[in-house]
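The data block below is structure.cif; it holds mmCIF, C-alpha atoms and all ligand atoms.
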data_upload
loop_
_atom_site.label_atom_id
_atom_site.label_comp_id
_atom_site.auth_asym_id
_atom_site.auth_seq_id
_atom_site.Cartn_x
_atom_site.Cartn_y
_atom_site.Cartn_z
CA MET A 1 -6.83 -19.55 -3.49
CA GLU A 2 -7.18 -16.40 -5.57
CA TYR A 3 -4.78 -13.64 -4.55
CA ASN A 4 -5.27 -9.98 -5.31
CA VAL A 5 -2.41 -7.71 -4.39
CA ILE A 6 -4.07 -5.19 -2.14
CA GLN A 7 -2.89 -1.85 -0.85
CA LEU A 8 -3.62 -1.05 2.73
CA ASP A 9 -5.82 2.00 2.19
CA ASN A 10 -8.15 3.95 4.47
CA TYR A 11 -10.53 1.04 4.69
CA TYR A 12 -7.98 -0.80 6.83
CA SER A 13 -6.74 2.25 8.71
CA VAL A 14 -7.04 2.23 12.50
CA GLY A 15 -6.33 5.96 12.59
CA ILE A 16 -3.00 5.72 14.42
CA GLU A 17 -0.33 6.61 11.91
CA SER A 18 2.60 4.61 13.22
CA ILE A 19 0.44 1.49 13.61
CA ASP A 20 -1.04 1.95 10.13
CA GLU A 21 2.50 2.19 8.74
CA GLN A 22 3.45 -1.10 10.38
CA HIS A 23 0.26 -2.76 9.11
CA LYS A 24 1.06 -1.52 5.60
CA GLN A 25 4.54 -2.95 5.91
CA LEU A 26 3.13 -6.35 6.98
CA ILE A 27 0.71 -6.51 4.05
CA SER A 28 3.32 -5.35 1.59
CA MET A 29 5.65 -8.11 2.86
CA CYS A 30 2.86 -10.67 2.27
CA ASN A 31 2.25 -9.31 -1.24
CA ASN A 32 5.96 -9.54 -2.10
CA LEU A 33 6.15 -13.04 -0.70
CA TYR A 34 3.22 -14.10 -2.81
CA LEU A 35 4.62 -12.58 -6.00
CA ASN A 36 7.95 -14.24 -5.30
CA SER A 37 6.40 -17.62 -4.51
CA CYS A 38 5.31 -17.94 -8.16
CA LYS A 39 8.96 -17.96 -9.36
CA ARG A 40 10.90 -21.20 -9.43
CA ASP A 41 14.59 -20.23 -9.68
CA GLU A 42 17.12 -20.68 -6.87
CA ILE A 43 17.53 -16.95 -6.12
CA SER A 44 13.77 -16.57 -5.69
CA LYS A 45 13.72 -19.62 -3.44
CA ASN A 46 16.40 -18.13 -1.16
CA PHE A 47 14.68 -14.77 -1.25
CA PHE A 48 11.39 -16.40 -0.29
CA ASN A 49 12.95 -18.20 2.68
CA GLN A 50 14.57 -15.01 3.95
CA SER A 51 11.43 -12.97 3.39
CA ILE A 52 9.14 -15.29 5.30
CA SER A 53 11.54 -15.14 8.26
CA SER A 54 11.62 -11.34 7.99
CA LEU A 55 7.82 -11.28 7.95
CA ALA A 56 7.75 -13.41 11.10
CA ASP A 57 10.30 -11.14 12.81
CA PHE A 58 8.50 -7.96 11.82
CA LEU A 59 5.14 -9.41 12.88
CA LYS A 60 6.58 -10.25 16.32
CA TYR A 61 8.04 -6.74 16.62
CA HIS A 62 4.71 -5.18 15.63
CA LEU A 63 2.77 -7.26 18.17
CA PHE A 64 5.24 -6.26 20.86
CA VAL A 65 4.81 -2.56 19.97
CA GLU A 66 1.02 -2.90 20.14
CA GLU A 67 1.20 -4.62 23.50
CA GLN A 68 3.34 -1.79 24.87
CA LEU A 69 0.76 0.69 23.61
CA LEU A 70 -2.22 -1.26 25.00
CA SER A 71 -0.57 -1.61 28.36
CA ARG A 72 0.23 2.11 28.44
CA VAL A 73 -3.39 3.10 27.72
CA ALA A 74 -4.78 0.39 30.05
CA PHE A 75 -6.89 -1.18 27.32
CA PRO A 76 -9.56 -3.22 29.17
CA GLU A 77 -9.25 -6.17 26.75
CA PHE A 78 -5.47 -6.20 26.92
CA HIS A 79 -5.21 -9.86 27.97
CA SER A 80 -7.50 -11.26 25.30
CA HIS A 81 -5.76 -9.12 22.67
CA LYS A 82 -2.39 -10.38 23.84
CA GLU A 83 -3.74 -13.93 23.69
CA GLU A 84 -4.67 -13.36 20.04
CA HIS A 85 -1.14 -12.14 19.40
CA SER A 86 0.29 -15.32 20.94
CA LYS A 87 -1.92 -17.34 18.60
CA ALA A 88 -0.68 -15.29 15.62
CA VAL A 89 2.92 -16.09 16.59
CA GLU A 90 2.06 -19.80 16.89
CA PHE A 91 0.30 -19.59 13.54
CA ILE A 92 3.29 -18.10 11.70
CA ASN A 93 5.76 -20.38 13.49
CA ARG A 94 3.79 -23.38 12.22
CA TYR A 95 4.47 -22.21 8.67
CA LEU A 96 8.11 -21.44 9.37
CA ALA A 97 8.56 -25.05 10.44
CA TYR A 98 7.90 -26.05 6.81
CA LEU A 99 11.09 -24.31 5.64
CA GLY A 100 13.70 -26.75 4.43
CA THR A 101 11.27 -29.68 4.47
CA ASP A 102 9.29 -31.44 1.75
CA GLU A 103 6.33 -29.30 2.78
CA GLU A 104 8.01 -26.09 1.62
CA SER A 105 5.85 -25.83 -1.49
CA GLN A 106 2.82 -26.07 0.81
CA LEU A 107 4.06 -22.98 2.62
CA LYS A 108 4.02 -20.98 -0.62
CA LYS A 109 0.39 -21.89 -1.18
CA GLU A 110 -0.46 -20.66 2.31
CA ILE A 111 0.72 -17.05 1.88
CA PRO A 112 -2.84 -15.84 1.08
CA VAL A 113 -4.03 -17.56 4.28
CA ILE A 114 -1.34 -15.79 6.31
CA ARG A 115 -2.31 -12.44 4.82
CA GLU A 116 -6.01 -13.06 5.50
CA TYR A 117 -5.19 -13.92 9.09
CA ILE A 118 -3.27 -10.65 9.54
CA LEU A 119 -5.97 -8.58 7.79
CA LYS A 120 -8.70 -10.09 9.96
CA HIS A 121 -6.78 -9.24 13.11
CA ILE A 122 -6.31 -5.65 11.89
CA THR A 123 -9.90 -5.04 10.86
CA VAL A 124 -11.58 -6.70 13.83
CA SER A 125 -9.31 -6.76 16.89
CA ASP A 126 -6.91 -3.87 16.26
CA ARG A 127 -9.82 -1.66 15.33
CA LYS A 128 -11.34 -2.36 18.76
CA TYR A 129 -8.35 -1.01 20.67
CA ALA A 130 -8.00 1.88 18.22
CA ASN A 131 -11.63 2.86 18.84
CA TYR A 132 -10.97 2.70 22.56
CA ILE A 133 -7.94 5.00 22.22
CA HIS A 134 -9.83 7.46 20.01
CA THR A 135 -12.77 7.54 22.44
CA MET A 136 -10.51 8.03 25.46
CA ASN A 137 -8.63 10.72 23.62
CA ARG A 138 -11.83 12.58 22.86
CA TYR A 139 -12.63 12.84 26.59
CA THR A 140 -9.13 13.66 27.73
CA PRO A 141 -8.78 17.24 28.99
CA TRP A 142 -6.89 19.32 26.44
CA HIS A 143 -4.02 20.11 28.81
CA MET A 144 -3.32 16.37 29.26
CA LYS A 145 -3.58 15.44 25.60
CA ASP A 146 0.16 15.50 24.97
CA SER A 147 1.08 13.29 27.86
CA TYR A 148 -1.94 11.02 28.13
CA LEU A 149 -3.31 8.73 25.43
CA PRO A 150 -1.63 10.35 22.47
CA THR A 151 -3.30 9.44 19.20
CA GLU A 152 0.13 9.22 17.72
CA ILE A 153 2.89 7.33 19.43
CA PHE A 154 6.57 7.51 18.75
CA LEU A 155 8.30 4.21 18.78
CA GLY A 156 12.01 4.01 19.12
FE FE B 201 -1.74 -4.81 14.50
FE FE B 202 -3.11 -6.57 17.49
#
Let me see whether you can do it: turn the structure in this file into structure tokens.
Amino acid sequence: MEYNVIQLDNYYSVGIESIDEQHKQLISMCNNLYLNSCKRDEISKNFFNQSISSLADFLKYHLFVEEQLLSRVAFPEFHSHKEEHSKAVEFINRYLAYLGTDEESQLKKEIPVIREYILKHITVSDRKYANYIHTMNRYTPWHMKDSYLPTEIFLG
């Protein structure tokens, strides 16, 4: 599969800065994994194995953060969105299972597929909840804006 290193620009933005930053981080991790997967030396191999695990960990953290946000704003499609997240975790875990097996080289070939999967979730599903938050925010009385449905969230 052809792979173009892409930058997560405004086209992919959901308009919530902290979420956009995490999405950028995910895509940048995929790009680095891909670039590293083309190298054959031992250091690159170890780096690749660590990086794919870091991607999985960061993805899980990101999905958790989103679920906290969606629950807080009572997103009507919370359950189906969460279901998609569970599928994403299953999806990445399937690839992680290749590590240390004869199928490891297969995993390297699948990095573009993993990135596509993440990008599709961002542009279709995440955009839906972001639109909901932006719409709700627009109709929130000004004096409640800081405490209710903030466009920006601070994640500790
Ligand atoms: Fe997301
Ligand atoms: Fe999501």
A:Asn10, A:Ser71, A:Thr123, A:Thr140 ranked by distance to ligand FE 201 (chain B), top pick (using all atoms listed in the file): A:Thr123
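Of note, atom CA of A:Arg72 and atom CA of A:Ile27 are spaced 25.9 Å apart.
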Residue among A:Phe78, A:Tyr139, A:Phe64, A:Tyr132 lying closest to A:Ile16, counting all atoms listed in the file: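 The answer is A:Tyr132, which sits nearest to A:Ile16.
A distance search around ligand FE 201 (chain B) (8 Å at most, only C-alpha atoms and all ligand atoms) returns the following protein and nucleic acid residues: Ile19, Gln22, His23, His62, Leu63, Glu66, Ile118, His121, Ile122 and Asp126 of chain A.
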Near-stretch 35-47 of chain A list (8 Å; only C-alpha atoms; drop same-chain fewer than 4 positions) as JSON, numbers by chain: {"A": [31, 51, 108]}
Write out the residues from the selection above, keeping C-alpha atoms, as a PDB file, keeping the file's coordinate frame.
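The result, stored in again.pdb:
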ATOM      1  CA  ASN A  31       2.250  -9.310  -1.240  1.00  0.00           C
ATOM      2  CA  SER A  51      11.430 -12.970   3.390  1.00  0.00           C
ATOM      3  CA  LYS A 108       4.020 -20.980  -0.620  1.00  0.00           C
TER       4      LYS A 108
END
Interatomic distance (Å, one decimal) between atom CA of A:Ile52 and atom CA of A:Lys24: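 For atom CA of A:Ile52 relative to atom CA of A:Lys24, the distance reads 16.0 Å.
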Residue nearest A:Glu77 among A:Tyr34, A:Gly100, A:Ser125, A:Phe48 (counting only C-alpha atoms):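 Of all the options, A:Ser125 lies closest to A:Glu77.
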One-decimal distance in Å that lies between atom FE of ligand FE 202 (chain B) and atom CA of A:Gln106: 26.3 Å
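In this comparison, which uses only C-alpha atoms and all ligand atoms, the residue of A:Thr101, A:Thr135, A:Gln68, A:Gln7 approaching ligand FE 202 (chain B) most closely is A:Gln68.
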Because some atoms of stretch 100-134 of chain A are absent here, can you restore N, CA and C atoms and send them as a JSON list (two decimals), in the frame of the given file?
[["chain", "number", "residue", "atom", "x", "y", "z"],
["A", 100, "GLY", "N", 12.67, -25.73, 4.51],
["A", 100, "GLY", "CA", 13.70, -26.75, 4.43],
["A", 100, "GLY", "C", 13.17, -28.17, 4.48],
["A", 101, "THR", "N", 11.85, -28.33, 4.46],
["A", 101, "THR", "CA", 11.27, -29.68, 4.47],
["A", 101, "THR", "C", 10.56, -29.92, 3.14],
["A", 102, "ASP", "N", 10.02, -31.12, 2.98],
["A", 102, "ASP", "CA", 9.29, -31.44, 1.75],
["A", 102, "ASP", "C", 8.00, -30.62, 1.64],
["A", 103, "GLU", "N", 7.59, -30.04, 2.75],
["A", 103, "GLU", "CA", 6.33, -29.30, 2.78],
["A", 103, "GLU", "C", 6.51, -27.84, 2.34],
["A", 104, "GLU", "N", 7.73, -27.49, 1.93],
["A", 104, "GLU", "CA", 8.01, -26.09, 1.62],
["A", 104, "GLU", "C", 7.07, -25.52, 0.56],
["A", 105, "SER", "N", 6.73, -26.33, -0.44],
["A", 105, "SER", "CA", 5.85, -25.83, -1.49],
["A", 105, "SER", "C", 4.46, -25.53, -0.92],
["A", 106, "GLN", "N", 4.10, -26.30, 0.13],
["A", 106, "GLN", "CA", 2.82, -26.07, 0.81],
["A", 106, "GLN", "C", 2.80, -24.67, 1.42],
["A", 107, "LEU", "N", 3.95, -24.29, 1.99],
["A", 107, "LEU", "CA", 4.06, -22.98, 2.62],
["A", 107, "LEU", "C", 3.76, -21.86, 1.63],
["A", 108, "LYS", "N", 4.26, -22.01, 0.40],
["A", 108, "LYS", "CA", 4.02, -20.98, -0.62],
["A", 108, "LYS", "C", 2.53, -20.83, -0.90],
["A", 109, "LYS", "N", 1.84, -21.95, -0.91],
["A", 109, "LYS", "CA", 0.39, -21.89, -1.18],
["A", 109, "LYS", "C", -0.36, -21.20, -0.04],
["A", 110, "GLU", "N", 0.26, -21.18, 1.14],
["A", 110, "GLU", "CA", -0.46, -20.66, 2.31],
["A", 110, "GLU", "C", -0.28, -19.16, 2.53],
["A", 111, "ILE", "N", 0.49, -18.49, 1.68],
["A", 111, "ILE", "CA", 0.72, -17.05, 1.88],
["A", 111, "ILE", "C", -0.61, -16.27, 1.91],
["A", 112, "PRO", "N", -1.56, -16.56, 1.00],
["A", 112, "PRO", "CA", -2.84, -15.84, 1.08],
["A", 112, "PRO", "C", -3.55, -16.06, 2.42],
["A", 113, "VAL", "N", -3.39, -17.25, 2.99],
["A", 113, "VAL", "CA", -4.03, -17.56, 4.28],
["A", 113, "VAL", "C", -3.39, -16.71, 5.38],
["A", 114, "ILE", "N", -2.06, -16.60, 5.32],
["A", 114, "ILE", "CA", -1.34, -15.79, 6.31],
["A", 114, "ILE", "C", -1.79, -14.33, 6.21],
["A", 115, "ARG", "N", -1.90, -13.84, 4.98],
["A", 115, "ARG", "CA", -2.31, -12.44, 4.82],
["A", 115, "ARG", "C", -3.73, -12.24, 5.34],
["A", 116, "GLU", "N", -4.63, -13.17, 5.02],
["A", 116, "GLU", "CA", -6.01, -13.06, 5.50],
["A", 116, "GLU", "C", -6.05, -13.01, 7.02],
["A", 117, "TYR", "N", -5.24, -13.85, 7.63],
["A", 117, "TYR", "CA", -5.19, -13.92, 9.09],
["A", 117, "TYR", "C", -4.78, -12.56, 9.67],
["A", 118, "ILE", "N", -3.75, -11.95, 9.06],
["A", 118, "ILE", "CA", -3.27, -10.65, 9.54],
["A", 118, "ILE", "C", -4.35, -9.57, 9.31],
["A", 119, "LEU", "N", -4.95, -9.60, 8.11],
["A", 119, "LEU", "CA", -5.97, -8.58, 7.79],
["A", 119, "LEU", "C", -7.17, -8.67, 8.74],
["A", 120, "LYS", "N", -7.55, -9.91, 9.07],
["A", 120, "LYS", "CA", -8.70, -10.09, 9.96],
["A", 120, "LYS", "C", -8.38, -9.52, 11.34],
["A", 121, "HIS", "N", -7.16, -9.76, 11.80],
["A", 121, "HIS", "CA", -6.78, -9.24, 13.11],
["A", 121, "HIS", "C", -6.80, -7.69, 13.09],
["A", 122, "ILE", "N", -6.33, -7.12, 11.99],
["A", 122, "ILE", "CA", -6.31, -5.65, 11.89],
["A", 122, "ILE", "C", -7.73, -5.08, 11.90],
["A", 123, "THR", "N", -8.59, -5.66, 11.05],
["A", 123, "THR", "CA", -9.90, -5.04, 10.86],
["A", 123, "THR", "C", -10.87, -5.32, 12.01],
["A", 124, "VAL", "N", -10.65, -6.40, 12.73],
["A", 124, "VAL", "CA", -11.58, -6.70, 13.83],
["A", 124, "VAL", "C", -10.95, -6.31, 15.18],
["A", 125, "SER", "N", -9.84, -6.93, 15.53],
["A", 125, "SER", "CA", -9.31, -6.76, 16.89],
["A", 125, "SER", "C", -8.55, -5.45, 17.07],
["A", 126, "ASP", "N", -7.68, -5.11, 16.10],
["A", 126, "ASP", "CA", -6.91, -3.87, 16.26],
["A", 126, "ASP", "C", -7.85, -2.66, 16.22],
["A", 127, "ARG", "N", -8.88, -2.78, 15.41],
["A", 127, "ARG", "CA", -9.82, -1.66, 15.33],
["A", 127, "ARG", "C", -10.49, -1.42, 16.68],
["A", 128, "LYS", "N", -10.70, -2.50, 17.44],
["A", 128, "LYS", "CA", -11.34, -2.36, 18.76],
["A", 128, "LYS", "C", -10.47, -1.51, 19.68],
["A", 129, "TYR", "N", -9.17, -1.80, 19.75],
["A", 129, "TYR", "CA", -8.35, -1.01, 20.67],
["A", 129, "TYR", "C", -8.18, 0.41, 20.15],
["A", 130, "ALA", "N", -8.15, 0.54, 18.80],
["A", 130, "ALA", "CA", -8.00, 1.88, 18.22],
["A", 130, "ALA", "C", -9.23, 2.73, 18.58],
["A", 131, "ASN", "N", -10.42, 2.12, 18.49],
["A", 131, "ASN", "CA", -11.63, 2.86, 18.84],
["A", 131, "ASN", "C", -11.60, 3.28, 20.30],
["A", 132, "TYR", "N", -11.09, 2.39, 21.14],
["A", 132, "TYR", "CA", -10.97, 2.70, 22.56],
["A", 132, "TYR", "C", -10.05, 3.92, 22.75],
["A", 133, "ILE", "N", -8.90, 3.89, 22.08],
["A", 133, "ILE", "CA", -7.94, 5.00, 22.22],
["A", 133, "ILE", "C", -8.55, 6.30, 21.70],
["A", 134, "HIS", "N", -9.23, 6.24, 20.56],
["A", 134, "HIS", "CA", -9.83, 7.46, 20.01],
["A", 134, "HIS", "C", -10.91, 8.00, 20.95]]
